[in-house]
>>> print(open('work_23.cif').read())   # mmCIF, C-alpha atoms
data_work
#
loop_
_atom_site.label_atom_id
_atom_site.label_comp_id
_atom_site.auth_asym_id
_atom_site.auth_seq_id
_atom_site.Cartn_x
_atom_site.Cartn_y
_atom_site.Cartn_z
CA MET D 632 -67.94 -59.62 -113.60
CA THR D 633 -64.75 -58.27 -112.14
CA SER D 634 -64.18 -54.61 -111.58
CA MET D 635 -61.35 -52.43 -110.45
CA HIS D 636 -63.16 -51.94 -107.18
CA ASP D 637 -63.38 -55.59 -106.09
CA GLY D 638 -60.20 -55.46 -104.03
CA HIS D 639 -58.67 -58.56 -105.61
CA ASP D 640 -56.30 -56.87 -107.97
CA GLY D 641 -53.64 -56.19 -105.37
CA HIS D 642 -54.00 -52.42 -105.58
CA ASN D 643 -55.39 -50.26 -102.86
CA THR D 644 -59.13 -50.17 -102.59
CA PHE D 645 -59.55 -46.72 -101.10
CA PRO D 646 -61.81 -44.35 -102.98
CA VAL D 647 -59.70 -42.27 -105.31
CA SER D 648 -60.41 -38.58 -105.55
CA SER D 649 -61.24 -37.12 -108.91
CA LYS D 650 -58.59 -36.60 -111.55
CA VAL D 651 -56.49 -33.47 -111.50
CA SER D 652 -57.97 -31.06 -114.02
CA GLU D 653 -56.05 -29.10 -116.63
CA PHE D 654 -56.79 -25.91 -114.70
CA GLU D 655 -55.25 -27.35 -111.55
CA ILE D 656 -52.13 -28.29 -113.51
CA LEU D 657 -52.03 -24.80 -114.98
CA GLU D 658 -52.37 -23.20 -111.54
CA LEU D 659 -49.56 -25.38 -110.19
CA ALA D 660 -47.28 -24.52 -113.12
CA VAL D 661 -47.91 -20.76 -112.83
CA ARG D 662 -47.48 -20.88 -109.07
CA GLU D 663 -44.16 -22.74 -109.31
CA LEU D 664 -42.90 -20.30 -111.92
CA ALA D 665 -43.89 -17.33 -109.77
CA ILE D 666 -42.09 -18.83 -106.78
CA GLU D 667 -38.98 -19.56 -108.87
CA LYS D 668 -38.95 -16.01 -110.18
CA GLY D 669 -39.31 -14.61 -106.68
CA ILE D 670 -42.70 -12.92 -107.27
CA PHE D 671 -43.89 -14.50 -104.04
CA SER D 672 -42.65 -17.29 -101.84
CA ALA D 673 -44.17 -20.67 -101.09
CA GLU D 674 -44.76 -19.38 -97.56
CA ASP D 675 -46.62 -16.31 -98.93
CA HIS D 676 -48.80 -18.64 -101.00
CA ARG D 677 -49.53 -20.87 -98.05
CA ARG D 678 -50.46 -17.90 -95.90
CA PHE D 679 -52.77 -16.49 -98.56
CA ALA D 680 -54.44 -19.87 -99.16
CA GLU D 681 -54.93 -20.28 -95.42
CA TRP D 682 -56.44 -16.82 -95.18
CA ALA D 683 -58.71 -17.35 -98.19
CA ASP D 684 -59.90 -20.74 -96.93
CA GLY D 685 -60.56 -19.22 -93.52
CA VAL D 686 -63.03 -16.59 -94.75
CA GLY D 687 -66.47 -17.96 -93.94
CA PRO D 688 -70.01 -16.71 -94.51
CA HIS D 689 -70.15 -14.91 -91.15
CA GLY D 690 -69.75 -11.48 -92.71
CA GLY D 691 -72.87 -12.03 -94.79
CA SER D 692 -74.77 -13.38 -91.77
CA LYS D 693 -73.92 -10.26 -89.79
CA LEU D 694 -74.94 -7.97 -92.65
CA VAL D 695 -78.37 -9.59 -92.91
CA ALA D 696 -78.92 -9.71 -89.14
CA LYS D 697 -77.99 -6.01 -88.86
CA ALA D 698 -80.30 -5.12 -91.75
CA TRP D 699 -83.17 -7.03 -90.14
CA SER D 700 -82.61 -5.08 -86.91
CA ASP D 701 -81.88 -1.60 -88.28
CA PRO D 702 -83.96 -0.14 -91.15
CA ALA D 703 -81.39 2.61 -91.84
CA PHE D 704 -78.64 0.04 -92.21
CA LYS D 705 -80.88 -2.08 -94.43
CA GLU D 706 -81.35 0.89 -96.76
CA LYS D 707 -77.60 1.43 -96.90
CA LEU D 708 -76.93 -2.26 -97.52
CA LEU D 709 -79.40 -2.34 -100.42
CA THR D 710 -78.11 0.85 -102.05
CA LYS D 711 -74.40 1.01 -101.13
CA GLY D 712 -73.45 -2.61 -100.54
CA THR D 713 -69.70 -2.22 -100.59
CA GLU D 714 -69.80 0.71 -98.14
CA ALA D 715 -72.20 -1.06 -95.79
CA CYS D 716 -69.81 -4.03 -95.53
CA LYS D 717 -67.26 -1.87 -93.73
CA GLU D 718 -69.65 -1.63 -90.76
CA VAL D 719 -69.12 -5.32 -90.03
CA GLY D 720 -65.38 -5.14 -90.72
CA ILE D 721 -65.28 -6.16 -94.40
CA ASP D 722 -63.37 -4.01 -96.87
CA TRP D 723 -63.77 -5.26 -100.43
CA LEU D 724 -60.54 -3.57 -101.44
CA GLN D 725 -58.49 -5.78 -99.14
CA PRO D 726 -56.11 -7.55 -99.07
CA THR D 727 -54.49 -5.91 -102.10
CA GLY D 728 -55.84 -2.36 -101.88
CA THR D 729 -57.75 -2.84 -105.15
CA GLY D 730 -59.64 -6.01 -104.34
CA THR D 731 -58.71 -9.27 -105.98
CA PRO D 732 -59.00 -9.62 -109.76
CA SER D 733 -62.13 -11.72 -109.56
CA ASP D 734 -63.72 -10.20 -106.46
CA TYR D 735 -64.50 -6.84 -107.92
CA THR D 736 -65.97 -4.14 -105.79
CA PHE D 737 -69.52 -3.84 -107.09
CA PHE D 738 -71.53 -5.62 -104.44
CA TYR D 739 -75.30 -5.80 -104.60
CA VAL D 740 -77.64 -7.30 -102.04
CA LEU D 741 -80.83 -8.84 -103.39
CA GLU D 742 -83.81 -8.52 -101.09
CA ASN D 743 -86.28 -11.35 -100.97
CA THR D 744 -89.92 -10.32 -100.64
CA PRO D 745 -93.19 -12.23 -100.27
CA LYS D 746 -93.43 -12.05 -104.07
CA VAL D 747 -89.81 -12.50 -105.25
CA HIS D 748 -87.25 -15.13 -104.32
CA ASN D 749 -83.68 -14.45 -105.48
CA VAL D 750 -80.97 -17.02 -106.11
CA ILE D 751 -77.42 -16.58 -107.40
CA VAL D 752 -75.38 -18.58 -109.89
CA CYS D 753 -72.49 -17.97 -112.26
CA THR D 754 -72.95 -19.84 -115.51
CA LEU D 755 -69.60 -18.74 -116.94
CA CYS D 756 -67.36 -19.80 -114.08
CA SER D 757 -67.83 -19.53 -110.33
CA CYS D 758 -68.24 -15.84 -109.46
CA TYR D 759 -69.23 -15.58 -105.82
CA PRO D 760 -69.18 -12.80 -103.19
CA ARG D 761 -66.13 -14.19 -101.44
CA PRO D 762 -65.38 -11.26 -99.10
CA VAL D 763 -68.78 -11.75 -97.44
CA LEU D 764 -69.44 -15.47 -97.93
CA GLY D 765 -65.95 -16.99 -98.12
CA MET D 766 -65.09 -19.71 -100.60
CA SER D 767 -68.01 -21.06 -102.57
CA PRO D 768 -69.27 -24.56 -101.81
CA ASP D 769 -68.09 -27.25 -104.24
CA TRP D 770 -71.57 -27.75 -105.67
CA TYR D 771 -71.85 -24.09 -106.60
CA ARG D 772 -68.96 -24.54 -109.03
CA THR D 773 -70.24 -27.73 -110.66
CA PRO D 774 -71.52 -27.65 -114.23
CA ALA D 775 -74.70 -29.36 -113.01
CA TYR D 776 -75.62 -26.45 -110.71
CA ARG D 777 -74.51 -23.78 -113.16
CA ARG D 778 -76.42 -25.21 -116.10
CA ARG D 779 -79.56 -26.26 -114.30
CA MET D 780 -80.07 -23.31 -111.95
CA VAL D 781 -80.61 -21.01 -114.89
CA ASN D 782 -83.13 -23.07 -116.79
CA ARG D 783 -84.71 -25.34 -114.16
CA PRO D 784 -84.44 -23.27 -110.99
CA ARG D 785 -87.53 -24.65 -109.29
CA GLU D 786 -86.37 -28.22 -109.76
CA VAL D 787 -82.92 -27.43 -108.39
CA LEU D 788 -84.39 -25.58 -105.41
CA ALA D 789 -86.67 -28.54 -104.75
CA GLU D 790 -83.61 -30.80 -104.69
CA PHE D 791 -82.26 -28.54 -101.94
CA GLY D 792 -85.56 -29.01 -100.11
CA LEU D 793 -86.93 -25.59 -101.00
CA HIS D 794 -90.42 -25.68 -102.48
CA LEU D 795 -91.69 -22.21 -103.32
CA PRO D 796 -95.34 -21.33 -103.95
CA ASP D 797 -96.35 -20.91 -107.60
CA ASP D 798 -97.12 -17.22 -107.09
CA VAL D 799 -93.61 -16.38 -105.88
CA GLU D 800 -91.39 -15.22 -108.75
CA VAL D 801 -88.08 -17.08 -108.84
CA ARG D 802 -85.47 -14.56 -109.98
CA VAL D 803 -82.15 -16.07 -110.96
CA HIS D 804 -79.12 -13.75 -111.00
CA ASP D 805 -76.38 -14.90 -113.33
CA SER D 806 -73.25 -13.04 -112.18
CA ASN D 807 -71.58 -12.99 -115.56
CA GLN D 808 -69.75 -9.67 -115.24
CA LYS D 809 -68.14 -7.62 -112.46
CA SER D 810 -70.95 -7.44 -109.94
CA ARG D 811 -71.19 -9.81 -107.05
CA PHE D 812 -74.48 -10.66 -105.39
CA MET D 813 -75.78 -11.94 -102.10
CA VAL D 814 -79.38 -12.73 -101.19
CA MET D 815 -81.00 -11.09 -98.18
CA PRO D 816 -83.63 -13.59 -97.03
CA MET D 817 -86.80 -12.51 -95.26
CA ARG D 818 -86.73 -12.54 -91.48
CA PRO D 819 -88.76 -15.56 -90.38
CA ASP D 820 -91.58 -15.49 -87.86
CA GLY D 821 -90.62 -16.67 -84.40
CA THR D 822 -87.57 -14.42 -84.14
CA GLU D 823 -89.25 -11.44 -82.49
CA GLY D 824 -87.02 -9.85 -79.88
CA TRP D 825 -83.91 -11.75 -80.97
CA SER D 826 -80.53 -10.03 -80.75
CA GLU D 827 -78.44 -9.38 -83.87
CA GLN D 828 -76.11 -12.14 -82.74
CA GLU D 829 -78.97 -14.64 -82.45
CA LEU D 830 -80.36 -13.58 -85.81
CA ALA D 831 -76.97 -13.94 -87.52
CA GLU D 832 -76.89 -17.59 -86.46
CA ILE D 833 -79.90 -18.52 -88.61
CA VAL D 834 -78.60 -16.68 -91.69
CA THR D 835 -76.64 -19.60 -93.06
CA ARG D 836 -74.56 -19.62 -96.22
CA ASP D 837 -77.22 -21.36 -98.28
CA THR D 838 -79.87 -18.78 -97.34
CA MET D 839 -77.61 -16.09 -98.82
CA ILE D 840 -77.04 -18.06 -102.02
CA GLY D 841 -80.80 -18.46 -102.18
CA VAL D 842 -81.15 -22.24 -102.04
CA ALA D 843 -82.60 -22.27 -98.51
CA LEU D 844 -84.66 -20.14 -96.14
CA PRO D 845 -83.68 -19.21 -92.59
CA ASP D 846 -85.21 -21.48 -89.97
CA PRO D 847 -85.32 -20.33 -86.33
CA LYS D 848 -84.65 -23.94 -85.31
CA VAL D 849 -81.47 -24.23 -87.39
CA ARG D 850 -78.64 -22.21 -85.91
CA VAL D 851 -74.98 -22.14 -86.88
CA PRO D 852 -72.52 -20.46 -84.50
CA VAL D 853 -71.25 -17.06 -85.66
CA PRO D 854 -68.29 -15.44 -83.87
CA ALA D 855 -69.27 -12.16 -82.17
CA GLY D 856 -67.74 -8.83 -83.16
CA GLU D 857 -66.32 -7.63 -86.44
CA VAL D 858 -65.14 -10.02 -89.12
CA HIS D 859 -61.35 -10.35 -89.09
CA GLN D 860 -59.98 -10.07 -92.58
CA MET F 547 -68.15 8.17 -122.78
CA ALA F 548 -71.55 9.45 -123.73
CA ASN F 549 -74.65 9.02 -121.63
CA PRO F 550 -76.03 5.51 -121.48
CA ARG F 551 -77.96 4.70 -124.64
CA PHE F 552 -80.67 2.77 -122.85
CA SER F 553 -82.97 3.81 -120.04
CA ILE F 554 -84.54 1.75 -117.32
CA GLY F 555 -87.68 0.17 -118.73
CA ASP F 556 -86.35 -0.06 -122.29
CA GLU F 557 -86.86 -3.34 -124.11
CA VAL F 558 -83.58 -4.61 -125.52
CA THR F 559 -82.44 -7.61 -127.51
CA VAL F 560 -79.04 -9.19 -126.96
CA ARG F 561 -77.13 -9.32 -130.23
CA ASP F 562 -76.70 -12.77 -131.69
CA GLU F 563 -73.00 -12.57 -132.52
CA THR F 564 -70.16 -15.02 -132.45
CA THR F 565 -69.56 -17.02 -129.29
CA LEU F 566 -65.81 -16.92 -129.88
CA PHE F 567 -63.53 -14.83 -127.68
CA HIS F 568 -63.99 -13.53 -124.18
CA THR F 569 -67.31 -11.71 -124.27
CA ARG F 570 -68.93 -12.78 -121.00
CA THR F 571 -72.20 -12.72 -122.94
CA GLN F 572 -73.84 -16.07 -122.52
CA LYS F 573 -74.97 -17.99 -125.54
CA PHE F 574 -78.36 -18.63 -123.96
CA ALA F 575 -79.07 -14.89 -123.84
CA ARG F 576 -78.15 -14.11 -127.44
CA GLY F 577 -81.05 -13.12 -129.60
CA ARG F 578 -83.32 -12.90 -126.54
CA THR F 579 -85.31 -9.86 -125.48
CA GLY F 580 -85.62 -8.46 -121.98
CA VAL F 581 -86.05 -5.20 -120.08
CA VAL F 582 -83.33 -2.90 -118.70
CA VAL F 583 -83.87 -2.80 -114.94
CA GLU F 584 -80.67 -1.15 -113.69
CA HIS F 585 -77.66 0.80 -114.87
CA ARG F 586 -74.18 -0.30 -113.87
CA PRO F 587 -71.02 1.80 -113.81
CA GLU F 588 -68.89 1.99 -116.94
CA TRP F 589 -65.99 -0.38 -117.05
CA VAL F 590 -63.61 -1.94 -119.54
CA ILE F 591 -65.41 -4.42 -121.76
CA PRO F 592 -64.36 -8.08 -121.32
CA GLU F 593 -63.17 -8.24 -124.93
CA ASP F 594 -60.35 -5.82 -123.98
CA GLU F 595 -59.90 -6.88 -120.39
CA ALA F 596 -59.06 -10.34 -121.71
CA PHE F 597 -55.88 -8.82 -123.13
CA ASP F 598 -55.18 -6.88 -119.91
CA ARG F 599 -55.92 -3.55 -121.59
CA MET F 600 -57.16 -2.07 -118.35
CA GLU F 601 -55.87 1.44 -119.09
CA THR F 602 -56.41 1.62 -122.85
CA GLY F 603 -59.39 -0.71 -123.18
CA ARG F 604 -62.79 0.51 -124.35
CA LYS F 605 -65.11 1.50 -121.53
CA GLU F 606 -68.85 1.16 -121.88
CA PRO F 607 -71.97 1.44 -119.76
CA PHE F 608 -73.30 -1.87 -118.53
CA TYR F 609 -76.93 -2.77 -117.92
CA VAL F 610 -78.85 -5.29 -115.90
CA VAL F 611 -81.39 -6.95 -118.18
CA ARG F 612 -84.29 -8.97 -116.84
CA PHE F 613 -85.67 -11.75 -119.02
CA LYS F 614 -88.78 -13.82 -118.65
CA GLN F 615 -87.61 -17.41 -118.26
CA THR F 616 -90.16 -18.43 -120.88
CA GLU F 617 -88.34 -16.11 -123.31
CA LEU F 618 -85.00 -17.81 -122.65
CA TRP F 619 -85.99 -21.45 -122.59
CA PRO F 620 -88.56 -23.08 -124.84
CA GLY F 621 -90.57 -25.50 -122.71
CA TYR F 622 -89.58 -23.83 -119.43
CA THR F 623 -91.03 -26.00 -116.68
CA GLY F 624 -91.35 -23.39 -113.93
CA GLN F 625 -93.90 -20.59 -113.58
CA SER F 626 -94.52 -17.90 -116.21
CA ILE F 627 -93.65 -15.19 -113.63
CA ASP F 628 -90.08 -16.52 -113.22
CA THR F 629 -87.22 -14.32 -114.39
CA LEU F 630 -83.47 -14.23 -114.88
CA GLU F 631 -81.22 -11.18 -114.63
CA SER F 632 -77.77 -10.71 -116.06
CA GLU F 633 -75.46 -7.87 -117.10
CA PHE F 634 -74.42 -6.78 -120.59
CA SER F 635 -72.18 -4.13 -122.05
CA GLU F 636 -73.83 -1.59 -124.32
CA ARG F 637 -72.35 -3.09 -127.51
CA TRP F 638 -74.28 -6.30 -126.95
CA LEU F 639 -77.70 -4.65 -126.80
CA VAL F 640 -79.99 -3.29 -129.50
CA PRO F 641 -83.46 -1.76 -129.12
CA ALA F 642 -86.10 -4.47 -129.29
#
>>> encode(input="work_23.cif", output="structure tokens")
Amino acid sequence: MTSMHDGHDGHNTFPVSSKVSEFEILELAVRELAIEKGIFSAEDHRRFAEWADGVGPHGGSKLVAKAWSDPAFKEKLLTKGTEACKEVGIDWLQPTGTGTPSDYTFFYVLENTPKVHNVIVCTLCSCYPRPVLGMSPDWYRTPAYRRRMVNRPREVLAEFGLHLPDDVEVRVHDSNQKSRFMVMPMRPDGTEGWSEQELAEIVTRDTMIGVALPDPKVRVPVPAGEVHQ
Amino acid sequence: MANPRFSIGDEVTVRDETTLFHTRTQKFARGRTGVVVEHRPEWVIPEDEAFDRMETGRKEPFYVVRFKQTELWPGYTGQSIDTLESEFSERWLVPA
């Protein structure tokens, strides 16, 4: 049986990335029109894309580490999420002054407890707390994650390597409207006496989506100081 | 806008209306019953926001509703204590 991947057809045999979707074509067309009409320049677009791609999950890591270390800040984070973000240098209204159209300014932090494990998903599209976690991972936007996390959450979590006890409630948050959510995992044992900076390094992106738990042995570098927007 | 029609703890059913148009009300939630667990600020409903009627659009209270997963999915394979939360504008909810 011959196939298009056997390398004998004279064409290149490199893996080909997925087809361009209709939405990508639409984005390109709107962008080119906006540039032609002088609404913004190609350089403006490049700068914005570079900025947006550069926002990582460090803001979220710092929020959680600070909340673990400071009960008063934890209370503020759980009740006034958007306000609390300013203390690590994140202003949800930036860069436009009114936020971006899809990153609205209702931000809620979901606290994990010994009895409740939270996890976020957006079944309608790909809503994600970008100011605190940066761009969402590719898998978060896939139909497979979006469809299955709502109706088979324990199976999906198991595929991520997270097996929760039967007596822990799995609470899925479908961010279908204006609110944006982030999970605050529980502080693991073995981190007594750690600094905020050390704690932030175990609060990885996936622990704030809710598909993983912090592990004192798994640390990801987090730049010190405020987040630069 | 008047005070929110529903209070925290109220049982509500999501109306089973058309899935056409921009409603942001998931099909899987329609006709299902859950409990109001939080109020959200009023904002323009998606049906009007879709047409960019941000100034003149209808504003309504929104609610966080918590469902038992077993209520949403027949044959749910997880635990009976598992839940799902999502937000709905007032027009989509009726007393259960």
>>> atom_distance(input="work_23.cif", atom1="atom CA of Val610 of chain F", atom2="atom CA of Ser635 of chain F")
9.1 Å
>>> closest_residue(input="work_23.cif", among="D:Val747, D:Ile721, D:Val686, D:Ile840", to="chain F", atoms="only C-alpha atoms")
D:Val747
>>> resolve_selection(input="work_23.cif", expression="the PyMOL selection byres ((chain D) within 7 of (chain F))", output="PyMOL selection string")
chain D and resi 782-783+785+797+800-808
>>> resolve_selection(input="work_23.cif", expression="the PyMOL selection byres ((chain F and resi 590) around 7)", output="PDB file with C-alpha atoms, in the coordinates of the input")
ATOM      1  CA  TRP F 589     -65.990  -0.380-117.050  1.00  0.00           C
ATOM      2  CA  ILE F 591     -65.410  -4.420-121.760  1.00  0.00           C
ATOM      3  CA  PRO F 592     -64.360  -8.080-121.320  1.00  0.00           C
ATOM      4  CA  ASP F 594     -60.350  -5.820-123.980  1.00  0.00           C
ATOM      5  CA  GLU F 595     -59.900  -6.880-120.390  1.00  0.00           C
ATOM      6  CA  MET F 600     -57.160  -2.070-118.350  1.00  0.00           C
ATOM      7  CA  GLY F 603     -59.390  -0.710-123.180  1.00  0.00           C
ATOM      8  CA  ARG F 604     -62.790   0.510-124.350  1.00  0.00           C
ATOM      9  CA  LYS F 605     -65.110   1.500-121.530  1.00  0.00           C
ATOM     10  CA  GLU F 606     -68.850   1.160-121.880  1.00  0.00           C
TER      11      GLU F 606
END
>>> resolve_selection(input="work_23.cif", expression="the PyMOL selection byres ((chain D and resi 696-713) around 7)", output="JSON, numbers by chain")
{"D": [692, 693, 694, 695, 714, 715, 716, 723, 736, 737, 738, 739, 740, 818, 827, 830, 831]}
>>> residues_near_point(input="work_23.cif", point="(-75.7, -17.3, -87.4)", cutoff="8 Å", atoms="all atoms listed in the file", output="list in words")
His689, Ser692, Lys693, Gln828, Glu829, Leu830, Ala831, Glu832, Ile833, Val834, Thr835, Arg850, Val851, Pro852 and Val853 of chain D
>>> atom_distance(input="work_23.cif", atom1="atom CA of Arg777 of chain D", atom2="atom CA of Val799 of chain D")
21.7 Å
>>> atom_distance(input="work_23.cif", atom1="atom CA of Pro688 of chain D", atom2="atom CA of Pro768 of chain D")
10.7 Å
>>> residues_around(input="work_23.cif", residues="Val581 of chain F", least_positions_apart="4", cutoff="7 Å", atoms="only C-alpha atoms", output="mmCIF file with C-alpha atoms, keeping the file's coordinate frame")
data_model
loop_
_atom_site.group_PDB
_atom_site.id
_atom_site.type_symbol
_atom_site.label_atom_id
_atom_site.label_comp_id
_atom_site.auth_asym_id
_atom_site.auth_seq_id
_atom_site.Cartn_x
_atom_site.Cartn_y
_atom_site.Cartn_z
ATOM 1 C CA GLY F 555 -87.680 0.170 -118.730
ATOM 2 C CA ASP F 556 -86.350 -0.060 -122.290
ATOM 3 C CA GLU F 557 -86.860 -3.340 -124.110
ATOM 4 C CA VAL F 558 -83.580 -4.610 -125.520
ATOM 5 C CA VAL F 611 -81.390 -6.950 -118.180
ATOM 6 C CA ARG F 612 -84.290 -8.970 -116.840
ATOM 7 C CA PHE F 613 -85.670 -11.750 -119.020
#
>>> axis_aligned_box(input="work_23.cif", around="segment 832-843 of chain D", padding_each_side="3 Å", output="lines of an AutoDock Vina configuration file")
center_x = -78.6
center_y = -19.2
center_z = -94.3
size_x = 14.0
size_y = 12.2
size_z = 21.7
>>> closest_residue(input="work_23.cif", among="D:Ala843, D:Leu664, D:Met815, D:Ile670", to="Asn743 of chain D", atoms="only C-alpha atoms")
D:Met815
